[in-house]
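Okay, upload.cif now, which holds mmCIF, C-alpha atoms and all ligand atoms:
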```cif
data_query
loop_
_atom_site.label_atom_id
_atom_site.label_comp_id
_atom_site.auth_asym_id
_atom_site.auth_seq_id
_atom_site.Cartn_x
_atom_site.Cartn_y
_atom_site.Cartn_z
CA MET A 111 18.96 36.74 -22.86
CA LEU A 112 16.86 34.20 -24.71
CA THR A 113 13.55 35.85 -25.60
CA THR A 114 10.76 33.58 -26.85
CA ALA A 115 6.96 33.48 -26.91
CA LEU A 116 7.19 31.75 -23.50
CA THR A 117 9.30 34.42 -21.81
CA GLU A 118 7.22 37.21 -23.35
CA ARG A 119 3.79 35.79 -22.57
CA LEU A 120 4.60 34.69 -19.02
CA GLY A 121 7.05 37.47 -18.16
CA LEU A 122 10.01 35.15 -17.55
CA LYS A 123 13.72 35.85 -17.75
CA HIS A 124 14.54 32.36 -19.08
CA PRO A 125 12.58 30.05 -21.43
CA ILE A 126 12.45 27.25 -18.86
CA VAL A 127 9.52 25.68 -17.02
CA GLN A 128 10.06 23.38 -14.03
CA ALA A 129 7.61 20.58 -14.76
CA PRO A 130 4.94 19.58 -12.28
CA MET A 131 6.03 16.39 -10.50
CA GLY A 132 3.70 14.58 -8.12
CA GLY A 133 5.30 14.14 -4.70
CA VAL A 134 8.45 16.00 -5.84
CA ALA A 135 7.59 19.54 -7.01
CA GLY A 136 6.10 21.63 -4.20
CA PRO A 137 6.32 25.28 -3.13
CA ALA A 138 10.00 25.23 -2.10
CA LEU A 139 11.13 24.04 -5.53
CA ALA A 140 8.70 26.25 -7.44
CA ASN A 141 9.70 29.36 -5.45
CA ALA A 142 13.40 28.67 -6.03
CA VAL A 143 12.94 28.16 -9.78
CA SER A 144 10.76 31.24 -10.22
CA ALA A 145 13.10 33.39 -8.14
CA ALA A 146 15.82 32.45 -10.63
CA GLY A 147 13.74 33.71 -13.55
CA ALA A 148 12.10 30.53 -14.88
CA LEU A 149 8.57 29.27 -14.11
CA GLY A 150 8.14 27.01 -11.09
CA MET A 151 5.08 24.76 -11.00
CA ILE A 152 3.28 23.32 -8.00
CA THR A 153 1.57 19.99 -8.60
CA ALA A 154 -1.77 18.31 -8.17
CA GLY A 155 -0.52 14.73 -8.50
CA PRO A 156 -2.68 11.59 -8.62
CA PRO A 157 -3.72 11.41 -4.95
CA ASP A 158 -4.10 15.18 -4.49
CA GLY A 159 -7.37 17.06 -4.22
CA PRO A 160 -8.20 20.78 -4.23
CA GLY A 161 -6.93 21.26 -0.67
CA LYS A 162 -3.38 20.41 -1.76
CA ILE A 163 -3.40 23.24 -4.32
CA GLU A 164 -4.79 25.69 -1.75
CA ARG A 165 -2.08 24.78 0.77
CA ASP A 166 0.75 24.89 -1.76
CA ALA A 167 -0.45 28.14 -3.34
CA ALA A 168 -0.54 29.77 0.10
CA GLU A 169 3.20 29.11 0.39
CA MET A 170 4.08 30.69 -2.92
CA THR A 171 5.97 33.96 -2.75
CA GLU A 172 6.96 34.03 -6.42
CA ARG A 173 5.14 33.70 -9.73
CA PHE A 174 4.00 30.08 -10.19
CA GLY A 175 2.07 27.65 -12.33
CA VAL A 176 -0.23 24.79 -11.29
CA GLY A 177 0.09 21.37 -12.95
CA THR A 178 -3.05 19.24 -13.18
CA LEU A 179 -3.99 15.91 -14.74
CA ALA A 180 -6.94 15.59 -17.13
CA TRP A 181 -8.08 12.21 -15.81
CA ARG A 182 -8.06 13.54 -12.24
CA LEU A 183 -10.07 16.62 -13.31
CA ASP A 184 -12.62 14.23 -14.81
CA GLU A 185 -12.90 12.55 -11.40
CA ASP A 186 -12.77 15.73 -9.29
CA PRO A 187 -13.47 19.02 -11.14
CA GLU A 188 -12.95 20.96 -7.89
CA ILE A 189 -9.20 20.53 -8.44
CA LEU A 190 -9.53 22.95 -11.35
CA ASP A 191 -11.65 25.34 -9.25
CA ALA A 192 -8.80 25.49 -6.73
CA ALA A 193 -6.18 25.94 -9.46
CA ILE A 194 -8.09 28.84 -11.02
CA ALA A 195 -8.81 30.43 -7.63
CA ALA A 196 -5.06 30.45 -6.89
CA ARG A 197 -4.64 32.90 -9.84
CA PRO A 198 -1.41 31.31 -11.10
CA ALA A 199 0.67 32.58 -14.01
CA ALA A 200 -0.28 29.41 -15.92
CA ILE A 201 -2.18 26.15 -15.56
CA SER A 202 -1.10 22.94 -17.23
CA ILE A 203 -3.17 19.88 -18.03
CA SER A 204 -1.46 16.56 -18.77
CA GLY A 205 -2.55 12.99 -19.27
CA GLY A 206 -5.61 12.83 -21.46
CA GLU A 207 -8.60 14.60 -22.95
CA VAL A 208 -8.60 18.32 -22.08
CA VAL A 209 -12.16 19.12 -23.18
CA PRO A 210 -14.06 20.54 -21.25
CA HIS A 211 -11.41 21.61 -18.73
CA ALA A 212 -9.47 23.79 -21.17
CA ALA A 213 -12.43 26.10 -21.72
CA ARG A 214 -12.64 26.85 -18.00
CA VAL A 215 -8.98 27.90 -17.91
CA ASN A 216 -9.46 30.02 -21.05
CA GLU A 217 -12.53 31.72 -19.53
CA ALA A 218 -10.50 32.55 -16.42
CA GLY A 219 -7.94 34.30 -18.65
CA ILE A 220 -5.07 32.12 -17.37
CA PRO A 221 -2.48 30.90 -19.92
CA LEU A 222 -3.04 27.19 -20.59
CA LEU A 223 -0.28 24.67 -21.28
CA VAL A 224 -1.32 21.21 -22.45
CA GLN A 225 1.11 18.31 -22.33
CA VAL A 226 0.74 15.94 -25.30
CA SER A 227 2.48 12.86 -26.68
CA SER A 228 1.41 12.92 -30.34
CA ALA A 229 0.70 15.32 -33.21
CA VAL A 230 -2.99 14.37 -33.00
CA GLY A 231 -2.91 15.27 -29.32
CA ALA A 232 -1.27 18.61 -30.17
CA ARG A 233 -3.96 19.42 -32.72
CA ALA A 234 -6.69 18.52 -30.21
CA ALA A 235 -5.02 20.65 -27.51
CA ILE A 236 -4.83 23.66 -29.82
CA ASP A 237 -8.44 23.23 -30.93
CA ALA A 238 -9.45 23.02 -27.25
CA GLY A 239 -7.74 26.35 -26.50
CA ALA A 240 -4.16 25.58 -25.44
CA ASP A 241 -1.93 28.68 -25.42
CA PHE A 242 1.17 26.46 -25.38
CA VAL A 243 1.67 22.84 -26.38
CA VAL A 244 4.10 20.83 -24.27
CA ALA A 245 5.39 18.03 -26.50
CA GLN A 246 6.44 15.32 -24.04
CA GLY A 247 8.58 12.56 -25.49
CA THR A 248 8.87 9.09 -24.00
CA ASP A 249 12.35 10.09 -22.78
CA ALA A 250 10.58 11.98 -19.99
CA GLY A 251 10.49 10.93 -16.37
CA GLY A 252 7.09 10.04 -14.96
CA HIS A 253 4.02 9.11 -17.01
CA THR A 254 4.56 9.48 -20.71
CA GLY A 255 3.66 8.20 -24.16
CA TRP A 256 5.68 6.22 -26.66
CA VAL A 257 7.38 8.58 -29.14
CA GLY A 258 10.86 9.96 -28.46
CA THR A 259 11.20 13.70 -27.89
CA MET A 260 13.04 14.34 -31.17
CA PRO A 261 10.56 12.58 -33.52
CA LEU A 262 7.66 13.99 -31.49
CA LEU A 263 8.95 17.54 -32.05
CA GLU A 264 9.41 16.71 -35.75
CA ALA A 265 5.70 15.80 -35.85
CA VAL A 266 4.29 18.45 -33.49
CA LEU A 267 6.16 21.61 -34.55
CA PRO A 268 4.68 21.71 -38.07
CA VAL A 269 1.19 20.95 -36.73
CA ALA A 270 1.35 23.61 -34.01
CA GLU A 271 1.97 26.44 -36.51
CA ASP A 272 1.28 29.64 -34.50
CA THR A 273 0.93 27.98 -31.10
CA PRO A 274 4.26 27.95 -29.25
CA VAL A 275 5.65 24.53 -28.38
CA LEU A 276 7.68 23.59 -25.31
CA ALA A 277 9.85 20.47 -25.44
CA ALA A 278 9.69 17.97 -22.58
CA GLY A 279 11.61 14.79 -22.00
CA GLY A 280 15.35 14.33 -21.82
CA ILE A 281 16.51 17.93 -21.34
CA ALA A 282 18.95 18.50 -18.47
CA SER A 283 21.44 21.13 -19.60
CA GLY A 284 22.05 24.12 -21.83
CA ARG A 285 22.82 21.71 -24.66
CA GLY A 286 19.28 20.37 -24.61
CA LEU A 287 17.65 23.78 -24.30
CA ALA A 288 19.76 25.13 -27.17
CA GLY A 289 18.80 22.11 -29.27
CA VAL A 290 15.06 22.51 -28.87
CA LEU A 291 15.20 26.30 -29.32
CA ALA A 292 17.10 25.72 -32.55
CA MET A 293 14.33 23.36 -33.67
CA GLY A 294 11.78 26.14 -33.15
CA CYS A 295 10.50 25.50 -29.63
CA ALA A 296 9.65 28.39 -27.29
CA GLY A 297 11.31 26.71 -24.33
CA ALA A 298 11.97 23.58 -22.33
CA TRP A 299 9.80 21.86 -19.70
CA ILE A 300 12.16 20.07 -17.36
CA GLY A 301 11.40 17.55 -14.62
CA THR A 302 14.08 15.01 -13.72
CA ARG A 303 16.94 17.56 -13.53
CA PHE A 304 14.91 19.62 -11.02
CA PHE A 305 14.16 16.48 -8.95
CA ALA A 306 17.89 16.28 -8.17
CA THR A 307 17.95 19.64 -6.38
CA ARG A 308 17.96 20.64 -2.73
CA GLU A 309 14.45 22.09 -2.79
CA ALA A 310 12.68 19.12 -4.40
CA ILE A 311 10.62 16.95 -2.04
CA GLY A 312 12.29 13.60 -1.40
CA SER A 313 14.96 11.97 0.70
CA ASP A 314 18.67 12.39 0.03
CA GLU A 315 18.78 8.65 -0.66
CA ARG A 316 16.26 8.96 -3.53
CA LYS A 317 18.06 11.98 -4.97
CA GLN A 318 21.41 10.16 -4.74
CA ARG A 319 19.92 7.42 -6.91
CA LEU A 320 19.45 10.07 -9.62
CA VAL A 321 23.12 10.99 -9.36
CA THR A 322 24.23 7.37 -9.57
CA ALA A 323 21.88 6.24 -12.35
CA ARG A 324 22.96 6.17 -15.97
CA GLU A 325 20.89 7.02 -19.05
CA THR A 326 20.42 3.27 -19.61
CA ASP A 327 18.86 2.67 -16.18
CA THR A 328 15.22 3.67 -16.78
CA VAL A 329 12.17 1.56 -17.67
CA HIS A 330 8.74 2.57 -19.05
CA THR A 331 6.42 0.53 -16.87
CA ARG A 332 2.96 0.19 -15.34
CA VAL A 333 3.98 -2.00 -12.43
CA PHE A 334 4.02 0.80 -9.84
CA ASP A 335 0.58 2.08 -10.88
CA ILE A 336 -0.79 -1.45 -10.64
CA ALA A 337 0.81 -2.11 -7.25
CA GLN A 338 -0.35 1.24 -5.88
CA ARG A 339 -3.77 1.11 -7.62
CA VAL A 340 -3.22 4.53 -9.18
CA GLY A 341 -5.69 5.34 -11.95
CA TRP A 342 -3.27 6.52 -14.65
CA PRO A 343 -4.68 5.50 -18.07
CA ALA A 344 -2.88 2.40 -19.38
CA GLU A 345 -1.55 4.23 -22.45
CA TYR A 346 0.77 6.27 -20.21
CA PRO A 347 3.18 3.98 -18.36
CA GLY A 348 5.62 5.74 -16.05
CA ARG A 349 9.35 6.07 -16.75
CA ALA A 350 11.24 5.17 -13.58
CA LEU A 351 14.61 3.92 -12.44
CA TRP A 352 15.03 0.19 -12.89
CA ASP A 353 14.97 -1.52 -9.47
CA ASP A 354 14.27 -4.84 -7.78
CA PHE A 355 10.50 -4.41 -8.18
CA THR A 356 10.66 -3.79 -11.93
CA ALA A 357 13.18 -6.62 -12.29
CA ARG A 358 10.62 -8.96 -10.70
CA TRP A 359 7.31 -7.67 -12.18
CA HIS A 360 7.89 -5.65 -15.38
CA GLY A 361 6.60 -7.93 -18.16
CA HIS A 362 4.44 -9.81 -15.62
CA GLU A 363 1.87 -7.07 -15.07
CA ASP A 364 -1.01 -9.54 -14.57
CA GLU A 365 0.75 -11.00 -11.54
CA VAL A 366 1.77 -7.79 -9.75
CA PRO A 367 0.70 -8.08 -6.10
CA LEU A 368 -2.11 -5.66 -5.24
CA GLU A 369 -1.23 -5.52 -1.55
CA GLY A 370 1.93 -4.87 0.37
CA TYR A 371 3.90 -2.62 -2.01
CA GLU A 372 5.60 -0.03 0.14
CA GLY A 373 6.75 2.40 -2.53
CA GLY A 374 10.29 3.63 -2.85
CA HIS A 375 10.39 3.76 -6.66
CA VAL A 376 11.89 6.79 -8.37
CA TYR A 377 10.29 8.22 -11.50
CA ALA A 378 13.04 9.64 -13.72
CA GLY A 379 13.74 10.20 -17.41
CA GLY A 380 16.65 9.28 -19.63
CA ALA A 381 18.44 12.56 -18.91
CA VAL A 382 19.17 11.14 -15.45
CA GLY A 383 22.49 10.08 -16.98
CA ALA A 384 23.55 13.73 -17.14
CA ILE A 385 22.92 14.40 -13.43
CA THR A 386 26.03 14.51 -11.25
CA ASP A 387 25.02 16.70 -8.29
CA ILE A 388 22.16 17.95 -6.10
CA PRO A 389 22.54 21.75 -6.16
CA PRO A 390 20.04 24.50 -5.33
CA ALA A 391 17.42 24.67 -8.11
CA GLY A 392 18.25 28.30 -8.90
CA GLU A 393 21.76 27.23 -9.94
CA ILE A 394 20.27 24.74 -12.38
CA VAL A 395 18.11 27.44 -13.97
CA GLU A 396 21.14 29.68 -14.35
CA GLN A 397 23.36 26.89 -15.72
CA ILE A 398 20.82 25.76 -18.30
CA ALA A 399 20.06 29.30 -19.47
CA THR A 400 23.67 30.46 -19.74
CA GLY A 401 24.71 27.13 -21.21
CA ALA A 402 22.08 27.41 -23.95
CA GLU A 403 23.04 30.98 -24.76
CA ALA A 404 26.70 29.96 -25.11
CA ARG A 405 25.83 26.98 -27.33
CA LEU A 406 23.67 29.08 -29.61
CA ARG A 407 26.37 31.77 -29.90
CA GLU A 408 28.92 29.12 -30.90
CA LEU A 409 26.77 27.66 -33.68
CA PRO A 410 28.61 27.70 -37.01
C1 LIG B 501 9.11 12.32 -10.42
C2 LIG B 501 8.24 12.82 -11.53
C3 LIG B 501 6.88 13.03 -11.29
C4 LIG B 501 6.05 13.54 -12.30
N1 LIG B 501 4.74 13.80 -12.02
C5 LIG B 501 3.97 14.47 -12.93
C6 LIG B 501 2.67 14.93 -12.58
O1 LIG B 501 2.18 14.73 -11.47
N2 LIG B 501 1.97 15.60 -13.53
C7 LIG B 501 2.50 15.86 -14.78
O2 LIG B 501 1.84 16.50 -15.58
N3 LIG B 501 3.72 15.41 -15.13
C8 LIG B 501 4.47 14.74 -14.23
N4 LIG B 501 5.75 14.34 -14.58
C9 LIG B 501 6.22 14.57 -15.96
C10 LIG B 501 6.79 15.97 -16.11
O3 LIG B 501 5.74 16.89 -16.19
C11 LIG B 501 7.65 16.14 -17.39
O4 LIG B 501 6.92 15.85 -18.54
C12 LIG B 501 8.92 15.34 -17.42
O5 LIG B 501 9.55 15.34 -16.17
C13 LIG B 501 9.86 15.90 -18.49
O6 LIG B 501 10.90 15.04 -18.77
P1 LIG B 501 12.31 15.00 -17.97
O7 LIG B 501 11.96 14.33 -16.67
O8 LIG B 501 13.19 14.19 -18.83
O9 LIG B 501 12.76 16.41 -17.77
C14 LIG B 501 6.58 13.81 -13.59
C15 LIG B 501 7.96 13.58 -13.82
C16 LIG B 501 8.78 13.11 -12.82
C17 LIG B 501 10.24 12.92 -13.09
#
```
So, in terms of structure tokens, how does the structure I just supplied come out?
Amino acid sequence: MLTTALTERLGLKHPIVQAPMGGVAGPALANAVSAAGALGMITAGPPDGPGKIERDAAEMTERFGVGTLAWRLDEDPEILDAAIAARPAAISISGGEVVPHAARVNEAGIPLLVQVSSAVGARAAIDAGADFVVAQGTDAGGHTGWVGTMPLLEAVLPVAEDTPVLAAGGIASGRGLAGVLAMGCAGAWIGTRFFATREAIGSDERKQRLVTARETDTVHTRVFDIAQRVGWPAEYPGRALWDDFTARWHGHEDEVPLEGYEGGHVYAGGAVGAITDIPPAGEIVEQIATGAEARLRELP
């Protein structure tokens, strides 16, 4: 058993959080992950409003967290009302300035996780009331900053001092979890690996692309946000699988067509290269936890 500030505070068996993923992480995935002893998160992604959280929360039979986006809370504060009303085990805020939203989560007595991409962001999150800092490196799938997970942890861990840090971006196995625990993290926040599971939302064809892709097949790009007119702040491009659309438009952002894009892109991080199957999510939790324990036992 790996006991950390994360497992103790949130009552988990394993120091693993399944990251919120817009359009991918819903109740089926979150229930499967939590039933296996980690924390499953439901997601308020870019197009989602408060009703989405209410519907997803109603389907939860296990402990769960709710993932929100700061820039969406700025636009629609009722998203946070719905998240708080769902009484989750934790609420996360990613993608921007967490004041004043953090105070509302603190007042509700719900543990707050804030996803950051710099040491300055970590300091601001802690000052705003974060109970956990999620240090998300650019290796991550989805929208992310510019610093790799390893150098980001090197910068954030000393700044965070008494606030536990979770590592996000590029972790897909027990090796990765063992590595970040050894660095001093309280756990891992994992997205892409949980996308390639049976319970994640998404077609088999999209999930098969995760199995086929190598670690060299991702691109950090704004072209999908531009084409879909999604309001993600420009400083957070999304890491996705390289495809025909990025081949045509990445590097030509000013010319991306604003009509007619039909979607089909797959957000995924560099750890996609380690994915070889699409198992039930509970098996992934078990594999990562037991793999990390074995690695740590074998350390010289
Ligand atoms: C398909 C996909 C969608 C994502 N959507 C969101 C989101 O809506 N909100 C959020 O906070 N993070 C989102 N993320 C980022 C994750 O929270 C997390 O930081 C990331 O997946 C960790 O890196 P990894 O993919 O290498 O495990 C998304 C990631 C992926 C892969």
Which residues sit within 7 Å of ligand LIG 501 (chain B), counting all atoms listed in the file, listed as a PyMOL selection string?
chain A and resi 129-134+153-156+177-179+203-205+246+249-253+278-282+299-303+305+376-381
Using all atoms listed in the file, which residue out of A:Leu120, A:Val209, A:Ala192, A:Val366 lies closest to Arg173 in chain A?
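Closest to Arg173 in chain A of all the choices is A:Leu120.
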Polymer residues at most 9 Å from Thr113 in chain A, all atoms listed in the file, same-chain spacing of 4 or more positions, as an MDAnalysis selection string:
chainID A and resid 117:118 122:125 296
Residue selection dump (C-alpha atoms) as a PDB file, in the frame of the given file:
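File written: part_5.pdb
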```pdb
ATOM      1  CA  THR A 117       9.300  34.420 -21.810  1.00  0.00           C
ATOM      2  CA  GLU A 118       7.220  37.210 -23.350  1.00  0.00           C
ATOM      3  CA  LEU A 122      10.010  35.150 -17.550  1.00  0.00           C
ATOM      4  CA  LYS A 123      13.720  35.850 -17.750  1.00  0.00           C
ATOM      5  CA  HIS A 124      14.540  32.360 -19.080  1.00  0.00           C
ATOM      6  CA  PRO A 125      12.580  30.050 -21.430  1.00  0.00           C
ATOM      7  CA  ALA A 296       9.650  28.390 -27.290  1.00  0.00           C
TER       8      ALA A 296
END
```
Pick the closest to Ala402 in chain A from A:Leu287, A:Ala310, A:Val224, A:Ala277: which is it, counting only C-alpha atoms?
A:Leu287
9 Å contact set for Asp191 in chain A, all atoms listed in the file, chain neighbours under 4 positions out, as a ChimeraX atom specification
/A:160,187,195-196,214
Written selection (C-alpha atoms) as a compact mmCIF listing (two decimals), keeping the file's coordinate frame:
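Final output, out25.txt:
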```txt
# COMPACT_ATOMS: atom_id res chain seq x y z
CA PRO A 160 -8.20 20.78 -4.23
CA PRO A 187 -13.47 19.02 -11.14
CA ALA A 195 -8.81 30.43 -7.63
CA ALA A 196 -5.06 30.45 -6.89
CA ARG A 214 -12.64 26.85 -18.00
```
Residue among A:Ser144, A:Ile189, A:Gln397, A:Ala232 lying closest to Asp158 in chain A, counting all atoms listed in the file:
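Ranked by minimum distance to Asp158 in chain A, first place goes to A:Ile189.
The two atoms in question, CA of Pro390 in chain A and CA of Leu351 in chain A, are spaced 22.4 Å apart.
Here CA of Thr386 in chain A and CA of Arg324 in chain A stand 10.1 Å from one another.
CA of Gly297 in chain A is found 7.3 Å from CA of Val275 in chain A.
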If we count all atoms listed in the file, what is near Pro268 in chain A at a cut-off of 10 Å, once residues fewer than 4 positions away on the same chain are taken out, given as a list in words?
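Answer for this query is Ala229, Leu263, Glu264, Asp272 and Gly294 of chain A.
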Contact residues around range 327-335 of chain A with all atoms listed in the file at 6 Å, ignoring same-chain residues under 4 positions, as a PyMOL selection string
chain A and resi 339-340+347-352
Measuring between only C-alpha atoms, which one of A:Ile385, A:Leu183, A:Leu262, A:Ile336 shows the shortest distance to Glu363 in chain A?
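Checking each of A:Ile385, A:Leu183, A:Leu262, A:Ile336 against Glu363 in chain A, counting only C-alpha atoms, the winner is A:Ile336.
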Tell me which of A:Gly147, A:Gly289, A:Pro410, A:Gly374 sits closest to Met111 in chain A, counting all atoms listed in the file.
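Between A:Gly147, A:Gly289, A:Pro410, A:Gly374, the residue approaching Met111 in chain A most closely is A:Gly147.
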Spatial neighbours of Arg119 in chain A, max dist 12 Å, only C-alpha atoms, sep filter under 6 positions, as a ChimeraX atom specification
/A:113,125,149,199-200,220-223,241-242,273-274,296-297
So which residues are close to (1.4, 18.6, -24.6), meaning at most 6 Å away in the file's coordinates with only C-alpha atoms counted, and can you show them as a count of residues only?
6
Could you check the closest approach to Thr114 in chain A for each of A:Ala404, A:Cys295, A:Ala142, A:Tyr371 and tell me which residue wins, using all atoms listed in the file?
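Among the listed residues, the smallest separation from Thr114 in chain A belongs to A:Cys295.
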Counting all atoms listed in the file, which residues come within 7 Å of (7.3, 28.9, -13.9), with the point read in the file's coordinates, and could you list them as an mmCIF file with C-alpha atoms, keeping the file's coordinate frame?
```cif
data_model
loop_
_atom_site.group_PDB
_atom_site.id
_atom_site.type_symbol
_atom_site.label_atom_id
_atom_site.label_comp_id
_atom_site.auth_asym_id
_atom_site.auth_seq_id
_atom_site.Cartn_x
_atom_site.Cartn_y
_atom_site.Cartn_z
ATOM 1 C CA VAL A 127 9.520 25.680 -17.020
ATOM 2 C CA GLN A 128 10.060 23.380 -14.030
ATOM 3 C CA SER A 144 10.760 31.240 -10.220
ATOM 4 C CA ALA A 148 12.100 30.530 -14.880
ATOM 5 C CA LEU A 149 8.570 29.270 -14.110
ATOM 6 C CA GLY A 150 8.140 27.010 -11.090
ATOM 7 C CA MET A 151 5.080 24.760 -11.000
ATOM 8 C CA ARG A 173 5.140 33.700 -9.730
ATOM 9 C CA PHE A 174 4.000 30.080 -10.190
ATOM 10 C CA GLY A 175 2.070 27.650 -12.330
#
```
